[in-house]
$ cat protein-v7.txt   # compact mmCIF, C-alpha atoms
# COMPACT_ATOMS: atom_id res chain seq x y z
CA MET A 1 -101.13 -1.54 -3.98
CA ILE A 2 -101.98 1.83 -5.54
CA VAL A 3 -98.80 1.92 -7.67
CA ALA A 4 -99.77 -1.38 -9.32
CA THR A 5 -102.89 0.24 -10.79
CA LEU A 6 -100.82 2.82 -12.71
CA PRO A 7 -99.56 2.38 -16.30
CA PRO A 8 -96.02 0.90 -16.43
CA ASP A 9 -94.51 4.08 -17.86
CA ASP A 10 -95.96 6.12 -14.97
CA VAL A 11 -94.56 3.64 -12.45
CA ILE A 12 -91.08 3.83 -13.94
CA HIS A 13 -91.26 7.62 -13.95
CA LEU A 14 -92.32 7.80 -10.30
CA LEU A 15 -89.66 5.32 -9.19
CA TRP A 16 -87.04 7.33 -11.02
CA GLU A 17 -88.18 10.57 -9.35
CA MET A 18 -88.19 8.84 -5.99
CA THR A 19 -84.65 7.49 -6.42
CA GLU A 20 -83.34 10.80 -7.71
CA SER A 21 -84.88 12.63 -4.75
CA LEU A 22 -83.24 10.26 -2.27
CA VAL A 23 -79.81 10.62 -3.85
CA ASN A 24 -80.05 14.42 -3.96
CA GLU A 25 -81.11 14.61 -0.30
CA ALA A 26 -78.11 12.45 0.63
CA GLY A 27 -75.75 14.89 -1.10
CA GLY A 28 -75.30 13.03 -4.38
CA ILE A 29 -74.10 9.53 -5.29
CA ASP A 30 -71.11 9.69 -2.93
CA GLY A 31 -73.32 10.78 -0.03
CA TRP A 32 -75.82 8.03 -0.77
CA ASP A 33 -73.07 5.39 -0.93
CA ARG A 34 -71.76 6.50 2.47
CA LEU A 35 -75.12 5.71 4.08
CA GLY A 36 -75.45 2.38 5.79
CA VAL A 37 -77.83 -0.26 4.46
CA ASP A 38 -80.31 0.37 7.30
CA GLU A 39 -80.31 4.13 6.62
CA GLN A 40 -80.88 3.61 2.91
CA GLU A 41 -83.81 1.25 3.61
CA SER A 42 -85.30 3.80 6.04
CA CYS A 43 -85.05 6.54 3.41
CA TYR A 44 -86.69 4.30 0.80
CA SER A 45 -89.50 3.46 3.21
CA ASN A 46 -90.26 7.09 4.06
CA VAL A 47 -90.27 8.26 0.48
CA HIS A 48 -92.35 5.29 -0.62
CA HIS A 49 -94.91 6.09 2.09
CA ASN A 50 -95.16 9.72 1.02
CA LEU A 51 -95.44 8.68 -2.61
CA LEU A 52 -98.39 6.42 -1.87
CA ILE A 53 -100.14 9.25 -0.04
CA GLN A 54 -99.57 11.58 -2.98
CA ILE A 55 -100.89 9.07 -5.53
CA GLY A 56 -103.84 8.13 -3.33
CA GLN A 57 -104.84 11.77 -2.89
CA GLU A 58 -104.63 12.41 -6.63
CA GLN A 59 -106.81 9.41 -7.37
CA PHE A 60 -109.30 10.35 -4.64
CA ASP A 61 -109.57 13.90 -6.05
CA SER A 62 -110.50 12.46 -9.44
CA LEU A 63 -113.48 10.48 -8.07
CA PRO A 64 -117.13 11.60 -8.39
CA GLN A 65 -118.45 13.39 -5.30
CA SER A 66 -120.79 10.51 -4.43
CA GLU A 67 -117.86 8.09 -4.21
CA LYS A 68 -115.86 10.58 -2.15
CA ASP A 69 -118.79 10.83 0.27
CA ASP A 70 -118.92 7.04 0.64
CA ILE A 71 -115.19 6.84 1.33
CA ASP A 72 -115.27 9.73 3.81
CA PHE A 73 -118.39 8.46 5.58
CA PHE A 74 -117.70 8.04 9.28
CA VAL A 75 -120.16 8.58 12.11
CA TRP A 76 -120.10 8.22 15.85
CA ALA A 77 -123.07 7.45 18.07
CA GLY A 78 -122.72 7.29 21.84
CA CYS A 79 -123.99 4.50 24.09
CA CYS A 80 -127.71 4.95 24.74
CA MET A 81 -127.41 3.75 28.33
CA HIS A 82 -124.81 6.43 29.03
CA LYS A 83 -126.96 9.06 27.34
CA GLU A 84 -129.74 8.38 29.82
CA LEU A 85 -127.34 8.17 32.75
CA ASN A 86 -125.82 11.54 31.89
CA ALA A 87 -129.24 13.09 31.32
CA ALA A 88 -130.36 11.99 34.80
CA LYS A 89 -127.17 13.47 36.24
CA GLY A 90 -127.87 16.69 34.34
CA GLY A 91 -131.37 16.83 35.79
CA ASN A 92 -130.14 16.21 39.31
CA SER A 93 -127.41 18.85 38.97
CA SER A 94 -129.91 21.40 37.69
CA SER A 95 -132.35 20.59 40.45
CA SER A 96 -129.59 21.07 43.04
CA ALA A 97 -128.06 24.19 41.50
CA GLY A 98 -130.44 26.69 43.04
CA SER A 99 -131.10 28.67 39.87
CA LEU A 100 -134.66 29.45 40.96
CA THR A 101 -135.42 31.60 44.01
CA ALA A 102 -137.92 29.16 45.48
CA LYS A 103 -135.58 26.28 44.80
CA GLN A 104 -132.80 27.99 46.73
CA HIS A 105 -134.85 27.45 49.87
CA ALA A 106 -135.79 23.93 48.87
CA ILE A 107 -132.26 22.55 48.59
CA GLN A 108 -130.85 23.64 51.93
CA VAL A 109 -130.16 20.05 52.88
CA SER A 110 -127.12 18.01 53.76
CA PRO A 111 -124.24 18.11 51.24
CA GLY A 112 -125.18 16.18 48.14
CA GLY A 113 -128.94 16.24 48.79
CA ALA A 114 -131.03 13.31 47.58
CA GLN A 115 -128.21 11.80 45.54
CA LYS A 116 -125.93 11.55 48.56
CA VAL A 117 -128.52 10.12 50.92
CA LEU A 118 -129.55 7.50 48.34
CA GLU A 119 -125.90 6.46 48.02
CA LEU A 120 -125.55 6.25 51.80
CA ALA A 121 -128.77 4.25 51.97
CA GLY A 122 -127.20 1.77 49.55
CA ALA A 123 -124.30 1.32 51.98
CA VAL A 124 -126.81 0.52 54.75
CA PHE A 125 -129.46 -1.47 52.90
CA ARG A 126 -127.32 -3.15 50.23
CA HIS A 127 -123.65 -2.94 51.06
CA LYS A 128 -121.42 -4.25 48.29
CA ASP A 129 -119.26 -6.10 50.85
CA ASP A 130 -122.22 -7.44 52.85
CA LYS A 131 -121.39 -5.24 55.84
CA GLY A 132 -124.71 -3.42 55.94
CA GLN A 133 -128.21 -4.22 57.19
CA GLN A 134 -129.43 -5.96 54.03
CA ASP A 135 -130.18 -9.31 55.71
CA SER A 136 -132.11 -7.67 58.53
CA LEU A 137 -133.96 -5.53 55.99
CA HIS A 138 -135.01 -8.60 54.01
CA TYR A 139 -136.42 -10.28 57.12
CA TYR A 140 -138.11 -7.06 58.23
CA PHE A 141 -139.98 -6.60 54.95
CA GLU A 142 -140.89 -10.27 54.85
CA VAL A 143 -142.59 -9.86 58.22
CA GLU A 144 -144.21 -6.51 57.37
CA LEU A 145 -145.25 -7.14 53.76
CA GLY A 146 -145.00 -10.87 53.30
CA TYR A 147 -142.13 -10.65 50.80
CA ARG A 148 -138.58 -9.36 50.61
CA ILE A 149 -137.50 -6.12 49.02
CA GLN A 150 -134.08 -5.46 47.49
CA TRP A 151 -132.82 -1.90 47.75
CA PRO A 152 -131.45 -0.69 44.37
CA ASP A 153 -127.69 -1.00 44.08
CA THR A 154 -126.79 2.64 44.73
CA SER A 155 -123.53 1.76 46.47
CA ASN A 156 -122.19 0.68 43.07
CA THR A 157 -122.41 2.37 39.68
CA ARG A 158 -125.63 1.07 38.15
CA TYR A 159 -127.86 2.60 35.49
CA HIS A 160 -130.95 4.29 36.97
CA SER A 161 -130.21 2.84 40.45
CA HIS A 162 -130.59 6.22 42.19
CA SER A 163 -133.91 7.08 40.56
CA ASP A 164 -135.13 3.52 41.27
CA ALA A 165 -134.10 4.03 44.88
CA ALA A 166 -136.05 7.30 45.02
CA CYS A 167 -139.13 5.40 43.83
CA GLU A 168 -138.55 2.65 46.36
CA TYR A 169 -138.26 5.06 49.26
CA LEU A 170 -141.34 7.08 48.32
CA VAL A 171 -143.43 3.89 48.19
CA ASN A 172 -142.19 2.50 51.52
CA ASP A 173 -140.91 5.59 53.34
CA THR A 174 -142.66 4.82 56.66
CA LEU A 175 -141.32 1.27 56.72
CA TYR A 176 -137.74 2.40 56.04
CA LEU A 177 -137.88 5.01 58.80
CA THR A 178 -139.26 2.47 61.26
CA PHE A 179 -136.58 -0.04 60.27
CA LEU A 180 -133.81 2.52 60.92
CA GLU A 181 -135.33 3.19 64.34
CA LEU A 182 -135.22 -0.53 65.10
CA VAL A 183 -131.64 -1.11 63.92
CA PRO A 184 -129.86 0.22 67.06
CA LEU A 185 -132.15 -1.80 69.33
CA LYS A 186 -130.60 -5.06 68.16
CA LYS A 187 -127.08 -3.87 68.87
CA GLU A 188 -125.24 -4.22 72.14
CA SER A 189 -124.32 -0.53 72.00
CA GLN A 190 -127.95 0.46 71.32
CA THR A 191 -126.69 3.13 68.90
CA SER A 192 -126.75 3.74 65.16
CA THR A 193 -123.62 4.09 63.07
CA ASN A 194 -122.90 7.51 61.59
CA ILE A 195 -124.16 6.37 58.18
CA GLU A 196 -127.38 4.93 59.62
CA TYR A 197 -127.93 8.13 61.58
CA ASN A 198 -127.35 10.34 58.53
CA VAL A 199 -129.63 8.25 56.33
CA TYR A 200 -132.41 8.40 58.92
CA TRP A 201 -132.34 12.16 59.40
CA ASN A 202 -131.97 12.89 55.70
CA PHE A 203 -134.92 10.62 55.01
CA MET A 204 -136.83 12.75 57.51
CA CYS A 205 -135.87 15.94 55.66
CA LEU A 206 -138.84 17.18 53.62
CA LYS A 207 -136.61 19.19 51.31
CA THR A 208 -134.57 16.11 50.42
CA LYS A 209 -137.81 14.23 49.87
CA GLN A 210 -138.88 16.80 47.27
CA GLU A 211 -135.67 16.15 45.38
CA MET A 212 -136.45 12.43 45.48
CA MET A 213 -139.92 13.14 44.14
CA SER A 214 -138.40 14.96 41.15
CA TRP A 215 -135.94 12.14 40.46
CA ALA A 216 -138.63 9.47 40.79
CA THR A 217 -140.96 11.37 38.43
CA TYR A 218 -138.25 11.49 35.78
CA ASN A 219 -137.58 7.79 36.37
CA GLN A 220 -141.18 6.86 35.58
CA CYS A 221 -141.84 9.30 32.74
CA ILE A 222 -138.52 9.10 30.87
CA THR A 223 -135.92 6.67 32.21
CA HIS A 224 -137.74 3.34 32.11
CA PRO A 225 -139.76 4.03 28.92
CA TYR A 226 -136.59 5.11 27.12
CA LEU A 227 -134.52 2.14 28.28
CA CYS A 228 -137.30 -0.31 27.39
CA THR A 229 -137.64 1.25 23.94
CA ILE A 230 -133.90 1.07 23.28
CA ARG A 231 -133.41 -2.43 24.65
CA ASN A 232 -136.36 -3.81 22.68
CA SER A 233 -135.30 -2.16 19.44
CA THR A 234 -133.65 -4.25 16.74
CA ALA A 235 -132.71 -1.16 14.71
CA ASN A 236 -129.19 -0.03 13.95
CA ILE A 237 -128.19 2.77 16.31
CA LEU A 238 -127.94 5.06 13.28
CA ASP A 239 -131.71 4.64 12.88
CA LEU A 240 -132.50 5.73 16.45
CA GLY A 241 -132.52 9.45 15.74
CA PRO A 242 -136.34 9.71 15.84
CA ILE A 243 -136.42 8.13 19.30
CA HIS A 244 -133.98 10.69 20.67
CA MET A 245 -135.81 13.55 19.04
CA LYS A 246 -138.97 12.21 20.67
CA VAL A 247 -137.26 12.28 24.09
CA ILE A 248 -136.41 15.95 23.59
CA SER A 249 -139.91 16.75 22.38
CA HIS A 250 -141.53 14.88 25.29
CA LEU A 251 -139.39 16.66 27.85
CA ASN A 252 -140.46 19.99 26.37
CA HIS A 253 -144.05 18.78 26.48
CA ILE A 254 -143.83 18.05 30.21
CA ILE A 255 -141.88 21.20 31.08
CA ASN A 256 -144.45 23.38 29.31
CA GLY A 257 -147.31 21.54 30.97
CA ILE A 258 -146.02 20.61 34.39
CA ASP A 259 -149.59 20.46 35.70
CA LEU A 260 -149.92 17.22 33.77
CA ILE A 261 -147.92 15.62 36.55
CA LEU A 262 -149.47 17.54 39.42
CA THR A 263 -153.08 16.96 38.39
CA PRO A 264 -154.56 13.98 40.29
CA ASP A 265 -156.56 12.63 37.34
CA THR A 266 -153.67 12.55 34.84
CA THR A 267 -152.73 9.19 33.33
CA TYR A 268 -149.66 7.50 31.90
CA GLU A 269 -150.84 8.02 28.29
CA THR A 270 -149.78 11.66 28.38
CA LEU A 271 -146.79 11.34 30.70
CA THR A 272 -144.66 8.35 29.77
CA LEU A 273 -142.36 8.58 26.77
CA ASP A 274 -143.90 5.49 25.18
CA SER A 275 -147.48 6.12 26.42
CA LYS A 276 -147.36 2.77 28.20
CA PRO A 277 -148.16 2.12 31.88
CA PHE A 278 -145.71 3.32 34.51
CA GLU A 279 -142.96 0.83 35.36
CA ARG A 280 -143.86 1.31 39.02
CA PRO A 281 -147.31 2.92 39.22
CA GLU A 282 -147.41 2.94 43.02
CA ALA A 283 -144.36 5.24 43.00
CA PHE A 284 -146.01 7.74 40.68
CA TYR A 285 -149.25 7.70 42.63
CA ALA A 286 -147.28 8.29 45.83
CA ILE A 287 -145.71 11.33 44.17
CA GLN A 288 -149.10 12.66 43.15
CA CYS A 289 -150.48 12.26 46.67
CA LEU A 290 -147.50 14.07 48.16
CA ALA A 291 -147.71 16.83 45.54
CA LEU A 292 -151.24 17.66 46.68
CA ASP A 293 -149.84 18.71 50.07
CA HIS A 294 -148.61 22.14 48.98
CA LYS A 295 -147.90 23.21 52.54
CA THR A 296 -145.50 20.35 53.28
CA TYR A 297 -143.95 20.17 49.81
CA PRO A 298 -144.17 23.77 48.48
CA HIS A 299 -141.11 23.65 46.22
CA PHE A 300 -141.76 20.41 44.37
CA PRO A 301 -143.11 22.04 41.18
CA GLN A 302 -140.04 24.30 40.84
CA LEU A 303 -137.65 21.47 41.57
CA LEU A 304 -139.45 19.25 39.07
CA VAL A 305 -139.21 21.83 36.28
CA ALA A 306 -135.53 22.38 37.08
CA PHE A 307 -134.83 18.64 36.98
CA PHE A 308 -136.58 18.14 33.64
CA GLN A 309 -134.95 21.25 32.17
CA GLY A 310 -131.50 20.06 33.22
CA ALA A 311 -132.21 16.64 31.73
CA LEU A 312 -133.46 18.28 28.51
CA ASN A 313 -130.29 20.36 28.15
CA THR A 314 -128.19 17.23 28.62
CA TRP A 315 -130.24 15.19 26.16
CA ILE A 316 -129.75 17.89 23.52
CA LEU A 317 -126.00 17.79 24.13
CA PHE A 318 -125.72 13.99 24.05
CA SER A 319 -128.00 13.57 21.03
CA ALA A 320 -126.10 16.01 18.83
CA GLU A 321 -125.06 13.24 16.42
CA PHE A 322 -128.73 12.87 15.40
CA THR A 323 -129.22 16.57 14.64
CA ALA A 324 -131.04 17.37 11.38
CA GLY A 325 -128.54 17.95 8.60
CA GLY A 326 -125.78 16.04 10.40
CA ALA A 327 -123.79 13.07 9.10
CA ILE A 328 -126.29 10.47 10.37
CA ASP A 329 -129.32 12.39 9.18
CA LYS A 330 -127.85 12.79 5.67
CA SER A 331 -126.68 9.17 5.39
CA TYR A 332 -128.51 6.53 3.37
CA PRO A 333 -129.04 2.78 4.02
CA SER A 334 -126.23 1.52 1.79
CA GLN A 335 -123.69 3.42 3.89

$ encode --input "protein-v7.txt" --output "structure tokens"
Amino acid sequence: MIVATLPPDDVIHLLWEMTESLVNEAGGIDGWDRLGVDEQESCYSNVHHNLLIQIGQEQFDSLPQSEKDDIDFFVWAGCCMHKELNAAKGGNSSSSAGSLTAKQHAIQVSPGGAQKVLELAGAVFRHKDDKGQQDSLHYYFEVELGYRIQWPDTSNTRYHSHSDAACEYLVNDTLYLTFLELVPLKKESQTSTNIEYNVYWNFMCLKTKQEMMSWATYNQCITHPYLCTIRNSTANILDLGPIHMKVISHLNHIINGIDLILTPDTTYETLTLDSKPFERPEAFYAIQCLALDHKTYPHFPQLLVAFFQGALNTWILFSAEFTAGGAIDKSYPSQ
């Protein structure tokens, strides 16, 4: 207790002041005596609490600044997984906002664009209640490719599931379209459900596909390299500032040199955050092949820049705790 650290004479003096204050507030001795035992104990408790605060503040003010800094040291660092999730959302929102003239024409798609159709596809290809076509899809891919494919879990909230789904569709787009054409043939009604119909026609939409290309590019260049770096790190989160500053720097690097992505002979060394091979190289190569068709996909470059710029703005916002000169930056190991 703080009071116990004071000299005896100081303790007696403080207790006397405390008692005198209580009696005066009660209207004198007679007023104090008229209070019930519970009221008197409550008054003692309140005054004692305030006294401790007063003494504590006086002792804190007398400390050297270095000790004050140690006592006051408190930092907050957000979840890295949520940082990436929010950054991807920021990129998608920016890509869908229509801030660029060319992009305004590129996003005239069904409500929600690529994000919505990828969610709907999850309800068809991987329904959380097993009501979709997931079993049929598994058998279909086993026949066509010799192995089964699991659609990313976009019908639930999963980190990077939508960008993974964009990659998956771009790699196997023809097979998914053919599968959706076959689905009604095995039904007695010979018709697709509304969701199956909407997924099919949105998959056919070239403008939606360009949004998927942007999301999948971000997935391969930023999402997976960042998550692998974070998950494999044994460092305290307070030591991860350089990684987050690198993300911001790399996004600027790509935005200012978007041709790095569009050039056929570019490699992962200059594009991925960690300069390691793409998590799914066939997805990135599919994007590059599609990007060469300027007539069919004329707005991809603008959408791509918008996506990366939106992600950059969000990364800056959600990495503010690592800013130079901030509490984390100025801290030292012993803290």

$ closest_residue --input "protein-v7.txt" --among "A:Ser136, A:Gln54, A:Thr272, A:Thr314" --to "A:Phe179" --atoms "all atoms listed in the file"
A:Ser136

$ atom_distance --input "protein-v7.txt" --atom1 "atom CA of A:Ile287" --atom2 "atom CA of A:Val171"
8.8 Å

$ closest_residue --input "protein-v7.txt" --among "A:Ser189, A:Gln133, A:Thr208, A:Gln115" --to "A:Thr154" --atoms "all atoms listed in the file"
A:Gln115

$ residues_around --input "protein-v7.txt" --residues "stretch 318-322 of chain A" --least-positions-apart "5" --cutoff "10 Å" --atoms "only C-alpha atoms" --output "ChimeraX atom specification"
/A:75-80,82-84,86-87,238-245,247-248,312-313,327-330

$ atom_distance --input "protein-v7.txt" --atom1 "atom CA of A:Ile316" --atom2 "atom CA of A:Ser94"
14.6 Å
